[in-house]
$ cat final_35.txt   # compact mmCIF, C-alpha atoms
# COMPACT_ATOMS: atom_id res chain seq x y z
CA MET A 8 141.55 -8.79 101.67
CA PRO A 9 144.65 -7.79 103.70
CA MET A 10 146.70 -8.40 100.58
CA PHE A 11 145.32 -5.20 99.02
CA ILE A 12 146.47 -2.86 101.82
CA THR A 13 149.68 -1.27 100.66
CA TYR A 14 152.49 0.17 102.66
CA GLY A 15 151.57 3.64 101.40
CA ASP A 16 148.07 3.31 102.87
CA ILE A 17 149.53 2.44 106.27
CA LEU A 18 151.80 5.46 106.09
CA CYS A 19 148.91 7.69 105.06
CA GLN A 20 146.77 6.46 107.95
CA ASP A 21 149.59 7.16 110.37
CA SER A 22 150.12 10.64 109.02
CA LEU A 23 146.37 11.33 109.25
CA LYS A 24 146.39 10.27 112.89
CA GLU A 25 149.25 12.65 113.57
CA LEU A 26 147.57 15.46 111.62
CA ASP A 27 144.29 15.52 113.63
CA LEU A 28 141.98 17.14 111.09
CA PHE A 29 139.65 18.50 113.75
CA SER A 30 142.23 20.42 115.74
CA TYR A 31 141.65 24.16 115.88
CA LYS A 32 144.76 24.82 113.74
CA SER A 33 143.49 22.49 111.02
CA ARG A 34 140.13 24.20 111.18
CA LEU A 35 141.83 27.56 110.71
CA LYS A 36 143.72 26.28 107.67
CA PHE A 37 140.57 24.81 106.19
CA GLY A 38 138.63 27.98 107.03
CA ASN A 39 141.25 30.12 105.27
CA HIS A 40 141.07 27.83 102.27
CA LEU A 41 137.26 28.12 102.16
CA TYR A 42 137.52 31.89 102.59
CA LEU A 43 139.84 32.15 99.59
CA GLU A 44 137.47 29.95 97.63
CA LYS A 45 134.68 32.41 98.59
CA ASP A 46 132.78 29.67 100.40
CA TYR A 47 132.02 32.15 103.16
CA LEU A 48 129.28 30.30 104.99
CA ARG A 49 131.37 27.17 105.58
CA ALA A 50 134.43 29.33 106.30
CA SER A 51 132.46 31.07 109.07
CA TYR A 52 131.79 27.67 110.72
CA GLU A 53 135.50 26.85 110.73
CA PHE A 54 136.50 30.31 112.03
CA ARG A 55 133.89 30.05 114.79
CA GLU A 56 135.42 26.76 115.97
CA TYR A 57 138.91 28.23 115.81
CA LEU A 58 137.92 31.31 117.84
CA LYS A 59 136.70 29.06 120.64
CA TYR A 60 140.32 28.09 121.29
CA GLU A 61 142.37 31.10 120.26
CA ASP A 62 141.67 34.81 119.90
CA ASN A 63 142.91 36.54 116.78
CA ASP A 64 141.81 39.94 115.43
CA THR A 65 142.36 39.03 111.80
CA ILE A 66 140.27 35.89 112.13
CA ARG A 67 137.58 37.82 113.96
CA PHE A 68 137.55 40.30 111.09
CA LYS A 69 137.39 37.48 108.54
CA PHE A 70 134.63 35.81 110.53
CA ALA A 71 132.55 39.01 110.46
CA ASN A 72 133.46 39.58 106.82
CA CYS A 73 132.04 36.14 105.97
CA PHE A 74 128.60 37.36 107.10
CA TYR A 75 129.10 40.60 105.20
CA ASN A 76 129.90 38.72 102.00
CA ILE A 77 126.85 36.46 102.24
CA GLY A 78 124.53 39.42 102.85
CA ARG A 79 123.88 38.85 106.58
CA TYR A 80 124.80 42.46 107.26
CA LEU A 81 123.41 42.90 110.77
CA GLU A 82 125.25 39.79 112.00
CA ALA A 83 128.37 41.12 110.31
CA ALA A 84 127.95 44.50 112.06
CA ASP A 85 127.60 42.79 115.44
CA ASN A 86 130.77 40.78 114.87
CA PHE A 87 132.78 43.75 113.62
CA LYS A 88 131.99 45.45 116.92
CA SER A 89 134.15 42.90 118.74
CA ILE A 90 137.31 44.42 117.15
CA PHE A 91 136.56 48.06 117.91
CA TYR A 92 139.15 48.47 120.67
CA ASN A 93 142.80 47.51 121.29
CA SER A 94 143.35 46.18 117.80
CA THR A 95 145.59 47.14 114.91
CA ILE A 96 142.65 46.82 112.54
CA GLN A 97 140.11 48.69 114.63
CA ASP A 98 139.68 51.45 112.05
CA GLU A 99 139.10 48.89 109.29
CA SER A 100 136.58 47.04 111.41
CA ARG A 101 134.77 50.27 112.28
CA LEU A 102 134.54 51.15 108.60
CA ALA A 103 133.32 47.61 107.86
CA TYR A 104 130.72 48.06 110.63
CA TYR A 105 129.34 51.17 108.93
CA LYS A 106 129.45 49.48 105.54
CA SER A 107 127.43 46.58 106.97
CA LEU A 108 124.81 48.94 108.39
CA PHE A 109 124.65 50.83 105.10
CA PHE A 110 124.19 47.72 102.96
CA SER A 111 121.63 46.27 105.36
CA GLY A 112 119.27 48.85 103.84
CA ASP A 113 118.23 50.28 107.20
CA PHE A 114 119.44 53.79 106.40
CA ASN A 115 117.91 55.35 109.49
CA LEU A 116 119.91 53.01 111.71
CA PHE A 117 123.02 53.71 109.65
CA ARG A 118 122.58 57.49 109.86
CA ASN A 119 121.87 57.43 113.58
CA SER A 120 124.99 55.32 114.16
CA SER A 121 127.20 57.47 111.96
CA ARG A 122 126.06 60.67 113.71
CA ASN A 123 126.72 59.03 117.06
CA GLU A 124 130.50 59.50 116.61
CA ILE A 125 131.38 56.88 119.22
CA TYR A 126 132.64 54.31 116.78
CA LEU A 127 133.73 56.55 113.92
CA PRO A 128 137.07 55.40 112.45
CA GLU A 129 139.62 58.23 112.51
CA LYS A 130 141.32 56.89 109.41
CA TYR A 131 138.12 56.63 107.36
CA LEU A 132 136.01 59.60 108.44
CA SER A 133 135.55 60.88 104.89
CA GLU A 134 134.45 57.42 103.67
CA VAL A 135 131.76 57.15 106.36
CA ASN A 136 130.73 60.73 105.63
CA ARG A 137 130.30 59.89 101.92
CA LEU A 138 128.22 56.83 102.80
CA TYR A 139 126.12 59.07 105.05
CA PHE A 140 125.29 61.44 102.20
CA THR A 141 124.87 58.60 99.68
CA SER A 142 122.21 57.07 101.90
CA PHE A 143 119.98 60.14 101.30
CA LEU A 144 119.88 59.31 97.60
CA MET A 145 118.63 55.82 98.38
CA ASP A 146 115.57 56.47 100.52
CA ASN A 147 112.88 59.09 100.91
CA SER A 148 114.45 61.12 103.72
CA VAL A 149 114.73 64.90 103.52
CA LEU A 150 117.95 65.83 101.69
CA PRO A 151 120.60 67.76 103.63
CA ASP A 152 122.14 71.06 102.58
CA THR A 153 123.56 71.06 99.01
CA ALA A 154 127.00 72.45 99.85
CA ASN A 155 127.74 69.86 102.54
CA PHE A 156 126.32 67.12 100.39
CA ILE A 157 128.41 67.75 97.31
CA SER A 158 131.63 68.70 99.12
CA ALA A 159 131.83 65.19 100.61
CA PHE A 160 132.65 63.69 97.20
CA PRO A 161 135.81 63.91 95.06
CA ASP A 162 136.09 66.86 92.65
CA SER A 163 135.95 64.64 89.58
CA ASN A 164 132.52 63.31 90.60
CA LYS A 165 130.94 66.48 91.92
CA ASN A 166 128.98 67.22 88.71
CA ASP A 167 127.41 63.77 88.67
CA ILE A 168 126.55 64.00 92.36
CA ARG A 169 125.05 67.46 91.84
CA ASN A 170 122.84 66.06 89.05
CA PHE A 171 121.70 63.21 91.28
CA TYR A 172 120.96 65.67 94.06
CA ILE A 173 118.86 67.88 91.76
CA GLN A 174 117.01 64.88 90.33
CA LYS A 175 116.26 63.64 93.83
CA LYS A 176 115.18 67.03 95.13
CA PHE A 177 113.15 68.02 92.07
CA PRO A 178 112.05 64.78 90.38
CA GLN A 179 110.45 65.21 86.97
CA TYR A 180 107.15 63.75 88.10
CA LYS A 181 103.82 64.33 86.40
CA SER A 182 100.81 65.08 88.57
CA PRO A 183 98.03 62.47 88.28
CA THR A 184 95.48 65.13 89.27
CA THR A 185 96.65 67.48 86.51
CA ALA A 186 96.57 64.63 84.00
CA ALA A 187 93.01 63.73 85.01
CA LEU A 188 91.88 67.39 84.90
CA LEU A 189 93.42 67.92 81.46
CA SER A 190 91.67 64.83 80.15
CA SER A 191 88.38 66.00 81.56
CA VAL A 192 88.73 69.30 79.65
CA ILE A 193 89.91 67.79 76.37
CA PRO A 194 89.82 63.98 76.12
CA GLY A 195 93.34 62.61 75.66
CA LEU A 196 95.15 65.80 76.74
CA GLY A 197 96.16 64.19 80.05
CA LYS A 198 97.81 61.33 78.19
CA ILE A 199 99.67 63.78 75.96
CA TYR A 200 100.80 65.65 79.09
CA VAL A 201 102.20 62.37 80.47
CA GLY A 202 103.99 61.67 77.18
CA ASN A 203 101.70 59.02 75.71
CA ILE A 204 100.94 61.12 72.65
CA THR A 205 99.41 58.49 70.39
CA ASP A 206 97.25 57.16 73.24
CA GLY A 207 96.02 60.71 73.81
CA LEU A 208 95.16 61.24 70.14
CA THR A 209 93.35 57.90 70.02
CA SER A 210 91.31 58.85 73.09
CA PHE A 211 90.41 62.15 71.48
CA LEU A 212 89.34 60.47 68.24
CA VAL A 213 87.28 57.75 69.96
CA THR A 214 85.37 60.11 72.24
CA GLY A 215 85.04 62.65 69.41
CA VAL A 216 83.60 60.12 66.96
CA LEU A 217 81.19 58.73 69.57
CA THR A 218 80.03 62.24 70.48
CA PHE A 219 79.49 63.11 66.83
CA LEU A 220 77.50 59.89 66.30
CA ALA A 221 75.38 60.62 69.35
CA ILE A 222 74.58 64.18 68.26
CA ASP A 223 73.96 63.12 64.67
CA ASN A 224 71.55 60.37 65.72
CA PHE A 225 69.68 62.71 68.07
CA ASN A 226 69.41 65.24 65.24
CA HIS A 227 67.93 62.55 63.01
CA LYS A 228 65.45 61.47 65.68
CA HIS A 229 67.16 58.10 66.32
CA SER A 230 66.93 58.41 70.04
CA PHE A 231 67.94 54.79 70.87
CA ARG A 232 71.13 55.01 68.84
CA GLY A 233 71.65 58.51 70.19
CA TRP A 234 71.53 57.30 73.79
CA LEU A 235 73.66 54.25 72.93
CA PHE A 236 76.47 56.38 71.54
CA THR A 237 76.06 58.87 74.38
CA GLY A 238 76.55 56.04 76.87
CA LEU A 239 79.55 54.67 75.03
CA GLY A 240 81.07 58.13 74.69
CA ALA A 241 80.60 58.84 78.39
CA PHE A 242 82.09 55.44 79.23
CA PHE A 243 85.26 56.04 77.23
CA TYR A 244 85.46 59.69 78.37
CA ALA A 245 85.43 58.57 82.02
CA GLY A 246 87.84 55.73 81.29
CA ASN A 247 90.22 58.15 79.66
CA ILE A 248 90.20 60.46 82.70
CA TYR A 249 90.94 57.48 84.94
CA GLY A 250 93.59 56.17 82.53
CA SER A 251 95.35 59.54 82.42
CA ALA A 252 95.77 59.55 86.20
CA ALA A 253 97.01 55.94 86.07
CA ALA A 254 99.41 56.78 83.21
CA ALA A 255 100.86 59.65 85.29
CA GLN A 256 101.44 57.25 88.19
CA ILE A 257 103.14 54.74 85.89
CA PHE A 258 105.30 57.54 84.48
CA ASN A 259 106.31 58.59 88.00
CA ALA A 260 107.11 55.02 89.00
CA GLY A 261 109.30 54.77 85.89
CA VAL A 262 111.15 58.00 86.79
CA LYS A 263 111.77 56.73 90.32
CA PHE A 264 112.84 53.31 89.10
CA ASN A 265 115.30 54.79 86.60
CA PHE A 266 116.73 57.19 89.18
CA ASP A 267 117.22 54.45 91.78
CA ASN A 268 118.77 52.20 89.17
CA ASN A 269 121.16 54.89 87.91
CA VAL A 270 122.27 55.82 91.44
CA LYS A 271 122.86 52.17 92.31
CA LEU A 272 124.87 51.51 89.15
CA TYR A 273 126.91 54.71 89.54
CA PHE A 274 127.94 54.00 93.12
CA GLU A 275 128.45 50.28 92.58
CA LYS A 276 130.81 51.03 89.70
CA ARG A 277 132.87 53.22 92.04
CA ASN A 278 132.60 50.82 94.99
CA TYR A 279 130.73 53.56 96.92
CA PHE A 280 134.03 55.50 97.08
CA LEU A 281 135.32 52.97 99.59
CA PRO A 282 138.83 51.51 99.79
CA GLU A 283 139.34 47.90 98.72
CA ASN A 284 139.16 45.36 101.50
CA ASN A 285 142.50 43.53 101.51
CA LEU A 286 141.62 40.92 104.11
CA MET B 15 110.94 -33.48 101.31
CA ILE B 16 113.19 -30.42 101.46
CA LYS B 17 113.13 -30.19 97.69
CA SER B 18 109.34 -30.12 97.64
CA ILE B 19 109.22 -27.40 100.33
CA ILE B 20 111.66 -25.26 98.34
CA PHE B 21 109.63 -25.91 95.19
CA CYS B 22 106.45 -24.80 96.95
CA LEU B 23 108.12 -21.71 98.36
CA LEU B 24 109.22 -20.71 94.89
CA LEU B 25 105.92 -21.65 93.29
CA VAL B 26 103.67 -19.53 95.53
CA PRO B 27 105.24 -16.12 94.77
CA THR B 28 105.70 -17.06 91.12
CA LEU B 29 102.03 -17.85 90.71
CA SER B 30 100.83 -14.93 92.78
CA LYS B 31 102.91 -12.36 90.89
CA ALA B 32 102.86 -13.96 87.45
CA GLN B 33 101.27 -12.18 84.54
CA THR B 34 97.96 -13.64 83.55
CA ASP B 35 96.56 -14.07 80.06
CA TRP B 36 93.51 -11.93 80.60
CA VAL B 37 95.34 -8.88 82.03
CA LYS B 38 98.17 -8.97 79.56
CA TRP B 39 100.16 -5.79 80.04
CA ASP B 40 98.43 -4.36 83.03
CA ALA B 41 97.39 -1.47 80.82
CA VAL B 42 96.17 1.70 82.46
CA GLU B 43 93.27 3.53 80.93
CA VAL B 44 94.32 7.02 79.99
CA SER B 45 91.75 9.73 80.38
CA TYR B 46 91.75 12.34 77.64
CA LYS B 47 89.04 14.37 79.30
CA ILE B 48 89.88 18.05 79.72
CA SER B 49 90.15 19.04 83.33
CA ASN B 50 87.27 21.06 84.73
CA ALA B 51 89.62 23.37 86.57
CA SER B 52 89.77 26.13 83.98
CA SER B 53 91.24 29.54 84.59
CA LYS B 54 88.77 31.10 82.17
CA ASN B 55 86.01 31.68 84.66
CA ILE B 56 87.93 33.82 87.11
CA ILE B 57 84.96 35.80 88.33
CA THR B 58 83.26 32.79 89.86
CA GLN B 59 86.33 32.21 92.05
CA LYS B 60 86.15 35.67 93.59
CA GLN B 61 82.58 36.58 94.43
CA ASN B 62 81.72 40.26 94.45
CA THR B 63 78.99 42.60 93.21
CA GLY B 64 77.75 41.77 89.76
CA SER B 65 80.15 38.87 89.37
CA GLY B 66 77.43 36.68 87.88
CA ILE B 67 76.60 39.21 85.15
CA ILE B 68 80.24 39.81 84.26
CA SER B 69 80.97 36.10 84.28
CA PHE B 70 77.99 35.53 81.98
CA LEU B 71 79.08 38.30 79.58
CA ARG B 72 82.64 37.07 79.52
CA ASN B 73 81.54 33.50 78.83
CA ILE B 74 79.23 34.66 76.03
CA TYR B 75 82.11 36.64 74.50
CA GLY B 76 84.48 33.70 74.94
CA PHE B 77 82.05 31.22 73.32
CA PHE B 78 80.75 33.28 70.40
CA ILE B 79 83.68 35.54 69.55
CA SER B 80 87.00 34.71 71.19
CA GLU B 81 86.94 30.97 70.44
CA LEU B 82 86.24 31.65 66.74
CA ASP B 83 88.31 34.78 66.31
CA GLY B 84 91.43 33.33 67.92
CA ASP B 85 94.14 34.83 70.08
CA ASN B 86 94.43 38.25 68.47
CA CYS B 87 94.84 40.67 71.36
CA PRO B 88 98.31 42.22 71.30
CA PHE B 89 98.35 42.52 75.09
CA TYR B 90 99.00 40.13 77.92
CA PRO B 91 96.64 39.65 79.72
CA SER B 92 94.19 39.96 76.82
CA CYS B 93 91.51 42.67 76.98
CA SER B 94 88.76 40.27 78.04
CA HIS B 95 90.92 38.82 80.81
CA PHE B 96 91.95 42.33 81.79
CA PHE B 97 88.25 43.24 82.12
CA VAL B 98 87.53 40.23 84.31
CA GLN B 99 90.61 40.75 86.46
CA ALA B 100 89.99 44.49 86.78
CA ILE B 101 86.46 43.94 88.08
CA SER B 102 87.44 41.12 90.39
CA GLU B 103 90.29 43.17 91.88
CA SER B 104 88.89 46.69 91.84
CA GLY B 105 85.11 46.33 91.83
CA MET B 106 82.29 47.43 89.57
CA ILE B 107 83.20 51.14 89.43
CA LYS B 108 86.96 51.18 88.88
CA GLY B 109 87.04 47.93 86.90
CA PRO B 110 85.02 49.13 83.88
CA LEU B 111 86.97 52.42 83.84
CA MET B 112 90.22 50.45 83.71
CA PHE B 113 88.81 48.41 80.87
CA ALA B 114 87.67 51.51 78.95
CA ASP B 115 91.18 52.90 79.18
CA ARG B 116 92.71 49.59 78.07
CA PHE B 117 90.29 49.39 75.15
CA ILE B 118 91.33 52.82 73.91
CA ARG B 119 95.00 51.90 74.28
CA ASP B 120 94.30 48.76 72.29
CA LEU B 121 92.75 50.86 69.51
CA ASN B 122 95.95 52.89 69.25
CA PHE B 123 97.63 51.82 65.99
CA PHE B 124 100.98 53.22 67.06
CA LYS B 125 101.49 51.37 70.32
CA GLY B 126 105.11 50.70 69.52
CA LYS B 127 107.34 48.16 71.13
CA ASN B 128 108.93 50.90 73.22
CA SER B 129 105.73 51.70 75.02
CA TYR B 130 105.27 48.40 76.81
CA PRO B 131 107.62 45.69 77.99
CA ILE B 132 107.40 42.52 75.93
CA HIS B 133 106.15 39.47 77.76
CA ARG B 134 107.91 36.17 77.12
CA ILE B 135 104.96 35.03 74.99
CA GLY B 136 105.70 37.92 72.63
CA LYS B 137 102.88 40.26 73.64
CA PHE B 138 102.83 43.67 75.30
CA TYR B 139 102.83 43.16 79.04
CA ASP B 140 100.18 45.36 80.57
CA PRO B 141 99.04 44.01 83.95
CA VAL B 142 95.94 45.14 85.83
CA SER B 143 98.05 45.99 88.89
CA ASN B 144 99.53 49.01 87.07
CA TYR B 145 96.13 50.71 86.78
CA THR B 146 94.71 50.36 90.30
CA LEU B 147 96.02 53.85 91.25
CA ASN B 148 98.10 52.18 93.95
CA GLU B 149 101.75 53.22 93.53
CA GLN B 150 103.01 50.21 95.48
CA MET B 151 101.52 47.78 92.98
CA ILE B 152 103.04 49.23 89.81
CA GLU B 153 105.36 46.82 88.03
CA ILE B 154 108.09 48.55 86.07
CA ALA B 155 110.14 46.73 83.47
CA LEU B 156 113.53 47.88 82.23
CA SER B 157 112.34 48.45 78.68
CA GLY B 158 110.31 51.58 79.39
CA ASN B 159 107.99 53.46 81.63
CA GLY B 160 104.88 53.54 79.51
CA GLY B 161 105.67 56.65 77.47
CA ASP B 162 105.55 56.71 73.65
$ encode --input "final_35.txt" --output "structure tokens"
Amino acid sequence: MPMFITYGDILCQDSLKELDLFSYKSRLKFGNHLYLEKDYLRASYEFREYLKYEDNDTIRFKFANCFYNIGRYLEAADNFKSIFYNSTIQDESRLAYYKSLFFSGDFNLFRNSSRNEIYLPEKYLSEVNRLYFTSFLMDNSVLPDTANFISAFPDSNKNDIRNFYIQKKFPQYKSPTTAALLSSVIPGLGKIYVGNITDGLTSFLVTGVLTFLAIDNFNHKHSFRGWLFTGLGAFFYAGNIYGSAAAAQIFNAGVKFNFDNNVKLYFEKRNYFLPENNL
Amino acid sequence: MIKSIIFCLLLVPTLSKAQTDWVKWDAVEVSYKISNASSKNIITQKQNTGSGIISFLRNIYGFFISELDGDNCPFYPSCSHFFVQAISESGMIKGPLMFADRFIRDLNFFKGKNSYPIHRIGKFYDPVSNYTLNEQMIEIALSGNGGD
């Protein structure tokens, strides 16, 4: 067996002993490698070990950014806080803090923090302000004043933002009550109001034919058939009123879904008007 | 002496594990019996008012019509399943109304592909949850919002 151990192996073993893979500097190198490979979770473990031995703002930022990149936004926000003072990247970390709160989806927390003004980054005030107004498009809060809202965004995007604002403030919803009332007056009219024209016409034809059959059978003294068609007609008439209200709700859900989707795509395409993160 | 002990030690496991003539391949009997756990009788799983009657009607329809007629409903879930699900989820008042509405929509000759999302089995996807009048339960697919 000893015959197979080469001189190169002995050298390699010696160099490994000298290298000490678990020293904090080796962990930093490995952490940086993992970070570049976008293996953020494992990179965070290595950075955590490194930070036990040496303090470094850039590594602290990268450590927090690891959580941001894997979607653990509140942990990221907590870690960005540790670089808020006496650091050359304090403005960047403050912006990253607000970004983390924004992407956590808790827009109330984000808005309260951004109105607090304690941590606002001087360099990136307009970016945080834009995020503040963008957050109103993403939840059901009361929209702020139009002028302030639109002026926060670049001139080239103001028309799009204005359209989003109008769509959010005055959504093109259909009232389920109106749809139901219309269908109760003329069967199928509620469906036509919602936009389901062929469904509405079918409802009208079905209830119309059943009503005609009922009347015709009563006129010809076929009371059983008359009552049978009356019952069926009433059944489909009531079902159509119910269905019109449901169709209006489905229509509204579709409008909301499309709006949310469009807003998300629009802002994602423009990186939420935020600068690129170079770290 | 040692040789005979070794021989015995080898012989015992060989005989105990050896394949016998009368159980040649250790064949397992395969059961081709259809499992009793069928999803068809949904109503009986969720007991509510009139569930017995609806279950009976649905089984009659399934036995005399659906089994012979085949899988012809263009929707998923099919109208009969929609009826059963609607009653089990929404009760005896809302359920039939939901079914009446579905039945009329099924009669519509012009229910184009744009009106409903297409389920992976190739049918129009029209779940009961969309018609409970509860906004939180509405499922929206990217292909449309229900309009013609």
$ closest_residue --input "final_35.txt" --among "A:Phe280, A:Asp98, A:Pro194, A:Tyr273" --to "Gly246 of chain A" --atoms "only C-alpha atoms"
A:Pro194
$ interface_residues --input "final_35.txt" --of "chain A" --to "chain B" --cutoff "12 Å" --atoms "only C-alpha atoms" --output "ChimeraX atom specification"
/A:181,183-184,190,194-195,198-214,239-265,268-269
$ write_last_selection --input "final_35.txt" --atoms "C-alpha atoms" --output "PDB file, keeping the file's coordinate frame"
ATOM      1  CA  LYS A 181     103.820  64.330  86.400  1.00  0.00           C
ATOM      2  CA  PRO A 183      98.030  62.470  88.280  1.00  0.00           C
ATOM      3  CA  THR A 184      95.480  65.130  89.270  1.00  0.00           C
ATOM      4  CA  SER A 190      91.670  64.830  80.150  1.00  0.00           C
ATOM      5  CA  PRO A 194      89.820  63.980  76.120  1.00  0.00           C
ATOM      6  CA  GLY A 195      93.340  62.610  75.660  1.00  0.00           C
ATOM      7  CA  LYS A 198      97.810  61.330  78.190  1.00  0.00           C
ATOM      8  CA  ILE A 199      99.670  63.780  75.960  1.00  0.00           C
ATOM      9  CA  TYR A 200     100.800  65.650  79.090  1.00  0.00           C
ATOM     10  CA  VAL A 201     102.200  62.370  80.470  1.00  0.00           C
ATOM     11  CA  GLY A 202     103.990  61.670  77.180  1.00  0.00           C
ATOM     12  CA  ASN A 203     101.700  59.020  75.710  1.00  0.00           C
ATOM     13  CA  ILE A 204     100.940  61.120  72.650  1.00  0.00           C
ATOM     14  CA  THR A 205      99.410  58.490  70.390  1.00  0.00           C
ATOM     15  CA  ASP A 206      97.250  57.160  73.240  1.00  0.00           C
ATOM     16  CA  GLY A 207      96.020  60.710  73.810  1.00  0.00           C
ATOM     17  CA  LEU A 208      95.160  61.240  70.140  1.00  0.00           C
ATOM     18  CA  THR A 209      93.350  57.900  70.020  1.00  0.00           C
ATOM     19  CA  SER A 210      91.310  58.850  73.090  1.00  0.00           C
ATOM     20  CA  PHE A 211      90.410  62.150  71.480  1.00  0.00           C
ATOM     21  CA  LEU A 212      89.340  60.470  68.240  1.00  0.00           C
ATOM     22  CA  VAL A 213      87.280  57.750  69.960  1.00  0.00           C
ATOM     23  CA  THR A 214      85.370  60.110  72.240  1.00  0.00           C
ATOM     24  CA  LEU A 239      79.550  54.670  75.030  1.00  0.00           C
ATOM     25  CA  GLY A 240      81.070  58.130  74.690  1.00  0.00           C
ATOM     26  CA  ALA A 241      80.600  58.840  78.390  1.00  0.00           C
ATOM     27  CA  PHE A 242      82.090  55.440  79.230  1.00  0.00           C
ATOM     28  CA  PHE A 243      85.260  56.040  77.230  1.00  0.00           C
ATOM     29  CA  TYR A 244      85.460  59.690  78.370  1.00  0.00           C
ATOM     30  CA  ALA A 245      85.430  58.570  82.020  1.00  0.00           C
ATOM     31  CA  GLY A 246      87.840  55.730  81.290  1.00  0.00           C
ATOM     32  CA  ASN A 247      90.220  58.150  79.660  1.00  0.00           C
ATOM     33  CA  ILE A 248      90.200  60.460  82.700  1.00  0.00           C
ATOM     34  CA  TYR A 249      90.940  57.480  84.940  1.00  0.00           C
ATOM     35  CA  GLY A 250      93.590  56.170  82.530  1.00  0.00           C
ATOM     36  CA  SER A 251      95.350  59.540  82.420  1.00  0.00           C
ATOM     37  CA  ALA A 252      95.770  59.550  86.200  1.00  0.00           C
ATOM     38  CA  ALA A 253      97.010  55.940  86.070  1.00  0.00           C
ATOM     39  CA  ALA A 254      99.410  56.780  83.210  1.00  0.00           C
ATOM     40  CA  ALA A 255     100.860  59.650  85.290  1.00  0.00           C
ATOM     41  CA  GLN A 256     101.440  57.250  88.190  1.00  0.00           C
ATOM     42  CA  ILE A 257     103.140  54.740  85.890  1.00  0.00           C
ATOM     43  CA  PHE A 258     105.300  57.540  84.480  1.00  0.00           C
ATOM     44  CA  ASN A 259     106.310  58.590  88.000  1.00  0.00           C
ATOM     45  CA  ALA A 260     107.110  55.020  89.000  1.00  0.00           C
ATOM     46  CA  GLY A 261     109.300  54.770  85.890  1.00  0.00           C
ATOM     47  CA  VAL A 262     111.150  58.000  86.790  1.00  0.00           C
ATOM     48  CA  LYS A 263     111.770  56.730  90.320  1.00  0.00           C
ATOM     49  CA  PHE A 264     112.840  53.310  89.100  1.00  0.00           C
ATOM     50  CA  ASN A 265     115.300  54.790  86.600  1.00  0.00           C
ATOM     51  CA  ASN A 268     118.770  52.200  89.170  1.00  0.00           C
ATOM     52  CA  ASN A 269     121.160  54.890  87.910  1.00  0.00           C
TER      53      ASN A 269
END
$ residues_around --input "final_35.txt" --residues "Ser158 of chain A" --least-positions-apart "6" --cutoff "12 Å" --atoms "all atoms listed in the file" --output "list in words"
Ser133, Asn136, Arg137, Phe140, Pro151, Asp152, Asn164, Lys165, Asn166, Ile168 and Arg169 of chain A
$ residues_around --input "final_35.txt" --residues "Lys137 of chain B" --least-positions-apart "4" --cutoff "8 Å" --atoms "all atoms listed in the file" --output "PyMOL selection string"
chain B and resi 88-90+132-133
$ closest_residue --input "final_35.txt" --among "B:Tyr46, B:Phe21, B:Phe70, B:Tyr139" --to "Ser92 of chain B" --atoms "all atoms listed in the file"
B:Tyr139
$ closest_residue --input "final_35.txt" --among "A:Leu189, A:Ala71, A:Val270, A:Ile157" --to "Gln174 of chain A" --atoms "all atoms listed in the file"
A:Val270
$ atom_distance --input "final_35.txt" --atom1 "atom CA of Gly238 of chain A" --atom2 "atom CA of Ala221 of chain A"
8.9 Å
$ atom_distance --input "final_35.txt" --atom1 "atom CA of Gly84 of chain B" --atom2 "atom CA of Ile101 of chain B"
23.3 Å
$ closest_residue --input "final_35.txt" --among "B:Ile68, B:Pro91, B:Ser80, B:Leu23" --to "Gly136 of chain B" --atoms "all atoms listed in the file"
B:Pro91
$ atom_distance --input "final_35.txt" --atom1 "atom CA of Asn278 of chain A" --atom2 "atom CA of Asn123 of chain A"
24.3 Å
$ residues_around --input "final_35.txt" --residues "segment 43-47 of chain A" --least-positions-apart "4" --cutoff "9 Å" --atoms "all atoms listed in the file" --output "number ranges by chain"
A: 38-39, 51-52, 70, 72-74, 76-77
$ closest_residue --input "final_35.txt" --among "A:Asp162, A:Asp223, A:Asp113, A:Asp27" --to "Phe236 of chain A" --atoms "all atoms listed in the file"
A:Asp223
$ decode --input "final_35.txt" --residues "segment 132-145 of chain A" --atoms "C-alpha atoms" --output "PDB file, in the first residue's frame"
ATOM      1  CA  LEU A 132     -34.106  59.915  -1.200  1.00  0.00           C
ATOM      2  CA  SER A 133     -35.841  59.959  -4.582  1.00  0.00           C
ATOM      3  CA  GLU A 134     -35.497  56.157  -4.930  1.00  0.00           C
ATOM      4  CA  VAL A 135     -37.137  55.541  -1.546  1.00  0.00           C
ATOM      5  CA  ASN A 136     -39.800  58.109  -2.405  1.00  0.00           C
ATOM      6  CA  ARG A 137     -40.589  56.252  -5.661  1.00  0.00           C
ATOM      7  CA  LEU A 138     -40.825  52.957  -3.779  1.00  0.00           C
ATOM      8  CA  TYR A 139     -43.171  54.667  -1.327  1.00  0.00           C
ATOM      9  CA  PHE A 140     -45.559  55.712  -4.084  1.00  0.00           C
ATOM     10  CA  THR A 141     -45.192  52.402  -5.952  1.00  0.00           C
ATOM     11  CA  SER A 142     -46.340  50.567  -2.833  1.00  0.00           C
ATOM     12  CA  PHE A 143     -49.779  52.238  -3.140  1.00  0.00           C
ATOM     13  CA  LEU A 144     -50.286  50.521  -6.489  1.00  0.00           C
ATOM     14  CA  MET A 145     -49.630  47.150  -4.899  1.00  0.00           C
TER      15      MET A 145
END
